[in-house]
>>> print(open('structure_39.txt').read())   # compact mmCIF, C-alpha atoms
# COMPACT_ATOMS: atom_id res chain seq x y z
CA ILE A 1 112.25 -3.80 8.22
CA ARG A 2 109.70 -0.98 7.98
CA SER A 3 110.31 2.03 10.23
CA MET A 4 108.31 5.07 11.28
CA HIS A 5 109.89 8.52 11.58
CA ILE A 6 108.02 11.54 12.93
CA GLY A 7 109.52 14.90 12.03
CA SER A 8 113.15 13.75 12.26
CA LYS A 9 115.54 10.97 11.30
CA THR A 10 114.95 9.31 14.70
CA VAL A 11 113.28 5.91 14.37
CA GLN A 12 110.02 5.94 16.32
CA SER A 13 109.05 2.37 15.57
CA SER A 14 110.20 -0.57 13.45
CA MET A 15 108.55 -3.76 12.25
CA SER A 16 109.86 -6.91 10.62
CA LEU A 17 108.03 -7.43 7.34
CA LYS A 18 108.45 -11.21 7.75
CA ASN A 19 107.10 -11.35 11.31
CA HIS A 20 104.91 -8.36 12.23
CA ASN A 21 104.80 -9.29 15.93
CA ARG A 22 108.56 -9.63 16.46
CA LEU A 23 110.11 -6.83 18.46
CA VAL A 24 112.84 -5.20 16.38
CA LEU A 25 114.09 -2.34 18.55
CA ASN A 26 116.02 -3.25 21.68
CA TYR A 27 114.16 -0.79 23.90
CA THR A 28 110.88 -2.60 23.15
CA LYS A 29 112.49 -5.87 24.23
CA VAL A 30 113.50 -4.23 27.50
CA ILE A 31 109.96 -2.89 28.06
CA VAL A 32 108.29 -6.29 27.73
CA LEU A 33 110.51 -7.64 30.51
CA CYS A 34 107.75 -6.30 32.76
CA LEU A 35 105.99 -9.58 32.01
CA ILE A 36 108.51 -11.27 34.31
CA PHE A 37 106.75 -9.49 37.18
CA ASN A 38 103.23 -9.92 35.82
CA PRO A 39 102.98 -12.51 33.05
CA ALA A 40 99.19 -12.23 32.72
CA PRO A 41 98.09 -8.61 33.15
CA SER A 42 94.38 -7.94 32.98
CA LYS A 43 94.62 -4.38 31.57
CA VAL A 44 97.53 -2.55 29.98
CA LEU A 45 97.55 1.15 29.10
CA PHE A 46 99.94 2.52 26.48
CA LEU A 47 100.65 6.24 26.25
CA GLY A 48 101.93 6.60 22.70
CA LEU A 49 101.40 4.33 19.71
CA GLY A 50 104.15 4.75 17.13
CA GLY A 51 103.87 1.75 14.83
CA GLY A 52 102.23 -0.34 17.54
CA SER A 53 105.08 -2.81 18.08
CA LEU A 54 104.41 -3.16 21.79
CA GLN A 55 100.66 -3.36 21.30
CA LYS A 56 101.04 -6.19 18.76
CA PHE A 57 103.41 -8.08 21.05
CA PHE A 58 101.07 -7.87 24.04
CA PHE A 59 98.08 -8.72 21.84
CA LYS A 60 99.75 -11.91 20.62
CA TYR A 61 101.39 -13.10 23.84
CA CYS A 62 98.89 -11.91 26.46
CA GLU A 63 95.74 -13.37 24.95
CA LYS A 64 93.40 -12.39 27.79
CA THR A 65 94.73 -8.87 28.29
CA PHE A 66 92.71 -5.77 27.41
CA LEU A 67 94.91 -3.16 25.72
CA ARG A 68 94.12 0.55 25.63
CA THR A 69 96.33 2.97 23.73
CA LEU A 70 96.22 6.76 23.91
CA GLU A 71 97.78 8.57 20.96
CA ILE A 72 97.48 12.32 20.58
CA ASN A 73 98.34 12.42 16.87
CA PRO A 74 95.57 11.01 14.61
CA GLN A 75 98.06 10.78 11.72
CA VAL A 76 100.19 8.35 13.75
CA ILE A 77 97.10 6.19 14.31
CA GLN A 78 96.30 6.20 10.59
CA VAL A 79 99.87 5.31 9.59
CA ALA A 80 100.05 2.55 12.20
CA ARG A 81 96.78 1.05 10.99
CA SER A 82 97.69 1.34 7.32
CA PHE A 83 101.34 0.24 7.36
CA PHE A 84 102.05 -1.61 10.63
CA TYR A 85 99.26 -4.22 10.74
CA LEU A 86 97.62 -3.36 14.04
CA PRO A 87 95.13 -5.97 15.24
CA ASP A 88 91.46 -5.07 14.94
CA SER A 89 89.83 -6.47 18.04
CA GLU A 90 87.52 -5.54 20.90
CA ARG A 91 90.37 -6.19 23.34
CA SER A 92 92.67 -3.64 21.70
CA GLU A 93 91.37 -0.07 21.80
CA ILE A 94 93.13 2.97 20.33
CA ILE A 95 91.90 6.38 21.43
CA SER A 96 92.98 9.65 19.86
CA ASP A 97 93.45 11.75 22.97
CA ASP A 98 96.02 13.49 25.12
CA GLY A 99 97.30 10.93 27.62
CA VAL A 100 97.57 13.33 30.55
CA ASP A 101 94.06 14.71 29.97
CA TYR A 102 92.66 11.20 29.65
CA LEU A 103 94.27 9.99 32.87
CA SER A 104 93.14 13.15 34.66
CA ASN A 105 89.52 12.85 33.56
CA LYS A 106 88.82 9.11 33.32
CA LYS A 107 88.68 6.58 36.11
CA GLY A 108 90.14 3.12 36.01
CA THR A 109 93.29 1.31 36.98
CA TYR A 110 95.79 -0.76 35.03
CA ASP A 111 98.17 -3.58 35.81
CA ILE A 112 100.77 -2.04 33.52
CA ILE A 113 101.14 1.50 32.19
CA ILE A 114 103.69 1.96 29.42
CA SER A 115 104.66 5.56 28.73
CA ASP A 116 106.34 5.72 25.32
CA ALA A 117 105.29 9.14 24.07
CA PHE A 118 107.60 11.33 22.04
CA ASP A 119 107.27 14.18 19.62
CA ASP A 120 109.86 15.46 17.17
CA GLU A 121 111.56 17.31 20.04
CA GLY A 122 111.77 14.32 22.39
CA LEU A 123 109.83 13.67 25.57
CA PRO A 124 106.85 16.06 25.76
CA ASP A 125 107.01 18.56 28.63
CA ALA A 126 104.07 17.07 30.57
CA PHE A 127 105.79 13.65 30.65
CA ARG A 128 108.77 15.14 32.49
CA GLU A 129 106.82 16.40 35.48
CA GLU A 130 106.34 14.90 38.93
CA GLN A 131 102.57 15.43 38.57
CA TYR A 132 102.56 13.07 35.57
CA TYR A 133 104.35 10.33 37.51
CA GLU A 134 101.93 10.82 40.43
CA LEU A 135 98.98 10.58 38.04
CA CYS A 136 100.29 7.35 36.50
CA HIS A 137 100.97 5.95 39.98
CA SER A 138 97.38 6.72 40.99
CA ARG A 139 96.05 4.73 37.99
CA LEU A 140 97.94 1.53 38.82
CA THR A 141 96.50 -1.50 40.56
CA LYS A 142 98.05 -2.42 43.92
CA LYS A 143 100.83 -4.42 42.23
CA GLY A 144 100.84 -2.31 39.08
CA ILE A 145 103.91 -1.53 37.02
CA PHE A 146 104.77 1.83 35.43
CA ILE A 147 107.27 1.84 32.57
CA ILE A 148 108.59 4.92 30.84
CA ASN A 149 110.87 5.13 27.84
CA LEU A 150 113.43 7.89 28.36
CA TRP A 151 116.12 9.06 25.98
CA GLY A 152 119.55 8.36 27.41
CA SER A 153 120.89 11.24 25.39
CA ASP A 154 118.63 13.66 27.27
CA PRO A 155 120.84 15.24 29.96
CA LYS A 156 117.75 15.61 32.19
CA SER A 157 116.91 11.87 32.22
CA LYS A 158 118.61 11.45 35.60
CA THR A 159 116.33 14.18 36.97
CA TYR A 160 113.25 12.36 35.67
CA ILE A 161 114.46 9.13 37.26
CA LYS A 162 114.89 10.93 40.61
CA LYS A 163 111.30 12.17 40.38
CA ILE A 164 110.06 8.68 39.54
CA LYS A 165 111.99 7.17 42.44
CA LYS A 166 110.37 9.69 44.79
CA ILE A 167 106.84 8.86 43.62
CA PHE A 168 107.42 5.08 43.56
CA ASN A 169 109.22 4.87 46.94
CA ASN A 170 112.55 3.97 45.32
CA GLN A 171 111.04 0.81 43.83
CA VAL A 172 112.55 1.57 40.45
CA LEU A 173 114.47 -0.57 38.01
CA PHE A 174 116.48 1.32 35.43
CA ALA A 175 117.50 -0.63 32.32
CA ALA A 176 119.40 0.84 29.39
CA ALA A 177 118.73 -0.42 25.87
CA ASP A 178 121.44 -0.53 23.25
CA ASN A 179 119.47 1.73 20.94
CA PRO A 180 120.87 5.21 20.69
CA GLY A 181 118.58 7.43 22.70
CA ASN A 182 116.44 4.84 24.53
>>> encode(input="structure_39.txt", output="structure tokens")
Amino acid sequence: IRSMHIGSKTVQSSMSLKNHNRLVLNYTKVIVLCLIFNPAPSKVLFLGLGGGSLQKFFFKYCEKTFLRTLEINPQVIQVARSFFYLPDSERSEIISDDGVDYLSNKKGTYDIIISDAFDDEGLPDAFREEQYYELCHSRLTKKGIFIINLWGSDPKSKTYIKKIKKIFNNQVLFAAADNPGN
């Protein structure tokens, strides 16, 4: 197993060295359950890259899906490309940009938006706000799915879930992963 750490001992991403596309961390396995609701998404947006575990999974198993990833930290992109075997393809785009700025300034909708952005302090401030959830909601297709990875150890996670429920008309599924924190 190869793991990525950013500024702390917390594991940001992990990859099996024998099978680069296998999901190692339980929270990533929970996230891809969204494919039960939409097994063939046309476009998926990822906010946060880490080692690219989710991107590689979707790339392999959703062969017709266009993947766009926004990652604010260019060093994360370089490490992911160098050590985590990201696919190089026209249907998998990685953009070094702030996710909130990008969503605010670019048009387009997505079948699935996966918000998995963390810094060394946890969930960035902008990703805790009702405006962020409204923005993500506005960028979804009619049957679109928004997924956010929250730290269970964050005492404010219940507050974020309340905000999400408000924006998404209580159509929210909460699933805990066994990983500490996710």
>>> closest_residue(input="structure_39.txt", among="A:Pro124, A:Pro155, A:Pro41, A:Gly50", to="Glu63 (chain A)", atoms="all atoms listed in the file")
A:Pro41
>>> atom_distance(input="structure_39.txt", atom1="CA of Ser3 (chain A)", atom2="CA of His20 (chain A)")
11.9 Å
>>> residues_around(input="structure_39.txt", residues="Thr28 (chain A)", least_positions_apart="2", cutoff="10 Å", atoms="only C-alpha atoms", output="list in words")
Ser13, Ser14, Arg22, Leu23, Val24, Leu25, Asn26, Val30, Ile31, Val32, Leu33, Ser53, Leu54, Phe57, Asp116, Asn149, Ala177, Asn179 and Asn182 of chain A
>>> closest_residue(input="structure_39.txt", among="A:Asp88, A:Asp154, A:Asp111, A:Glu71", to="Pro39 (chain A)", atoms="all atoms listed in the file")
A:Asp111
>>> closest_residue(input="structure_39.txt", among="A:Leu70, A:Met4, A:Met15, A:Ile147", to="Ile95 (chain A)", atoms="only C-alpha atoms")
A:Leu70
>>> axis_aligned_box(input="structure_39.txt", around="region 134-146 of chain A", padding_each_side="6 Å", output="lines of an AutoDock Vina configuration file")
center_x = 100.4
center_y = 3.2
center_z = 39.7
size_x = 20.7
size_y = 27.2
size_z = 20.5
>>> closest_residue(input="structure_39.txt", among="A:Ile1, A:Ala175, A:Leu45, A:Ile77", to="Arg91 (chain A)", atoms="all atoms listed in the file")
A:Leu45
>>> decode(input="structure_39.txt", residues="region 39-61 of chain A", atoms="N, CA and C atoms", output="PDB file, in the first residue's frame")
ATOM      1  N   PRO A  39     -25.529   4.343 -12.712  1.00  0.00           N
ATOM      2  CA  PRO A  39     -24.410   3.485 -13.069  1.00  0.00           C
ATOM      3  C   PRO A  39     -23.612   3.935 -14.297  1.00  0.00           C
ATOM      4  N   ALA A  40     -24.141   4.898 -15.040  1.00  0.00           N
ATOM      5  CA  ALA A  40     -23.447   5.360 -16.243  1.00  0.00           C
ATOM      6  C   ALA A  40     -23.510   6.883 -16.343  1.00  0.00           C
ATOM      7  N   PRO A  41     -22.844   7.588 -15.415  1.00  0.00           N
ATOM      8  CA  PRO A  41     -22.880   9.054 -15.485  1.00  0.00           C
ATOM      9  C   PRO A  41     -22.147   9.558 -16.721  1.00  0.00           C
ATOM     10  N   SER A  42     -22.639  10.659 -17.250  1.00  0.00           N
ATOM     11  CA  SER A  42     -21.996  11.265 -18.412  1.00  0.00           C
ATOM     12  C   SER A  42     -20.781  12.104 -17.992  1.00  0.00           C
ATOM     13  N   LYS A  43     -20.980  12.919 -16.932  1.00  0.00           N
ATOM     14  CA  LYS A  43     -19.895  13.797 -16.457  1.00  0.00           C
ATOM     15  C   LYS A  43     -19.845  13.762 -14.934  1.00  0.00           C
ATOM     16  N   VAL A  44     -18.623  13.596 -14.415  1.00  0.00           N
ATOM     17  CA  VAL A  44     -18.398  13.604 -12.974  1.00  0.00           C
ATOM     18  C   VAL A  44     -17.376  14.688 -12.658  1.00  0.00           C
ATOM     19  N   LEU A  45     -17.663  15.471 -11.626  1.00  0.00           N
ATOM     20  CA  LEU A  45     -16.743  16.500 -11.152  1.00  0.00           C
ATOM     21  C   LEU A  45     -16.240  16.103  -9.767  1.00  0.00           C
ATOM     22  N   PHE A  46     -14.925  16.135  -9.604  1.00  0.00           N
ATOM     23  CA  PHE A  46     -14.286  15.870  -8.319  1.00  0.00           C
ATOM     24  C   PHE A  46     -13.686  17.173  -7.804  1.00  0.00           C
ATOM     25  N   LEU A  47     -13.977  17.501  -6.564  1.00  0.00           N
ATOM     26  CA  LEU A  47     -13.346  18.642  -5.910  1.00  0.00           C
ATOM     27  C   LEU A  47     -12.363  18.049  -4.913  1.00  0.00           C
ATOM     28  N   GLY A  48     -11.100  18.049  -5.283  1.00  0.00           N
ATOM     29  CA  GLY A  48     -10.046  17.416  -4.506  1.00  0.00           C
ATOM     30  C   GLY A  48      -9.535  16.190  -5.236  1.00  0.00           C
ATOM     31  N   LEU A  49      -8.223  16.020  -5.226  1.00  0.00           N
ATOM     32  CA  LEU A  49      -7.594  14.925  -5.967  1.00  0.00           C
ATOM     33  C   LEU A  49      -6.969  13.874  -5.055  1.00  0.00           C
ATOM     34  N   GLY A  50      -6.188  14.312  -4.072  1.00  0.00           N
ATOM     35  CA  GLY A  50      -5.436  13.343  -3.282  1.00  0.00           C
ATOM     36  C   GLY A  50      -4.581  12.507  -4.216  1.00  0.00           C
ATOM     37  N   GLY A  51      -4.583  11.204  -4.018  1.00  0.00           N
ATOM     38  CA  GLY A  51      -3.840  10.298  -4.890  1.00  0.00           C
ATOM     39  C   GLY A  51      -4.633   9.846  -6.105  1.00  0.00           C
ATOM     40  N   GLY A  52      -5.865  10.312  -6.239  1.00  0.00           N
ATOM     41  CA  GLY A  52      -6.663  10.001  -7.415  1.00  0.00           C
ATOM     42  C   GLY A  52      -7.347   8.637  -7.386  1.00  0.00           C
ATOM     43  N   SER A  53      -7.540   8.070  -6.218  1.00  0.00           N
ATOM     44  CA  SER A  53      -8.169   6.748  -6.117  1.00  0.00           C
ATOM     45  C   SER A  53      -9.546   6.728  -6.759  1.00  0.00           C
ATOM     46  N   LEU A  54     -10.366   7.706  -6.429  1.00  0.00           N
ATOM     47  CA  LEU A  54     -11.719   7.756  -6.982  1.00  0.00           C
ATOM     48  C   LEU A  54     -11.689   7.992  -8.486  1.00  0.00           C
ATOM     49  N   GLN A  55     -10.813   8.868  -8.926  1.00  0.00           N
ATOM     50  CA  GLN A  55     -10.707   9.155 -10.352  1.00  0.00           C
ATOM     51  C   GLN A  55     -10.326   7.898 -11.127  1.00  0.00           C
ATOM     52  N   LYS A  56      -9.370   7.128 -10.611  1.00  0.00           N
ATOM     53  CA  LYS A  56      -8.949   5.905 -11.300  1.00  0.00           C
ATOM     54  C   LYS A  56     -10.073   4.872 -11.327  1.00  0.00           C
ATOM     55  N   PHE A  57     -10.823   4.775 -10.250  1.00  0.00           N
ATOM     56  CA  PHE A  57     -11.935   3.834 -10.193  1.00  0.00           C
ATOM     57  C   PHE A  57     -12.984   4.184 -11.248  1.00  0.00           C
ATOM     58  N   PHE A  58     -13.404   5.453 -11.267  1.00  0.00           N
ATOM     59  CA  PHE A  58     -14.412   5.886 -12.242  1.00  0.00           C
ATOM     60  C   PHE A  58     -13.874   5.738 -13.668  1.00  0.00           C
ATOM     61  N   PHE A  59     -12.615   6.038 -13.872  1.00  0.00           N
ATOM     62  CA  PHE A  59     -12.019   5.926 -15.201  1.00  0.00           C
ATOM     63  C   PHE A  59     -12.103   4.482 -15.701  1.00  0.00           C
ATOM     64  N   LYS A  60     -11.801   3.540 -14.829  1.00  0.00           N
ATOM     65  CA  LYS A  60     -11.810   2.134 -15.228  1.00  0.00           C
ATOM     66  C   LYS A  60     -13.226   1.587 -15.395  1.00  0.00           C
ATOM     67  N   TYR A  61     -14.120   1.887 -14.485  1.00  0.00           N
ATOM     68  CA  TYR A  61     -15.422   1.237 -14.461  1.00  0.00           C
ATOM     69  C   TYR A  61     -16.548   2.028 -15.125  1.00  0.00           C
TER      70      TYR A  61
END
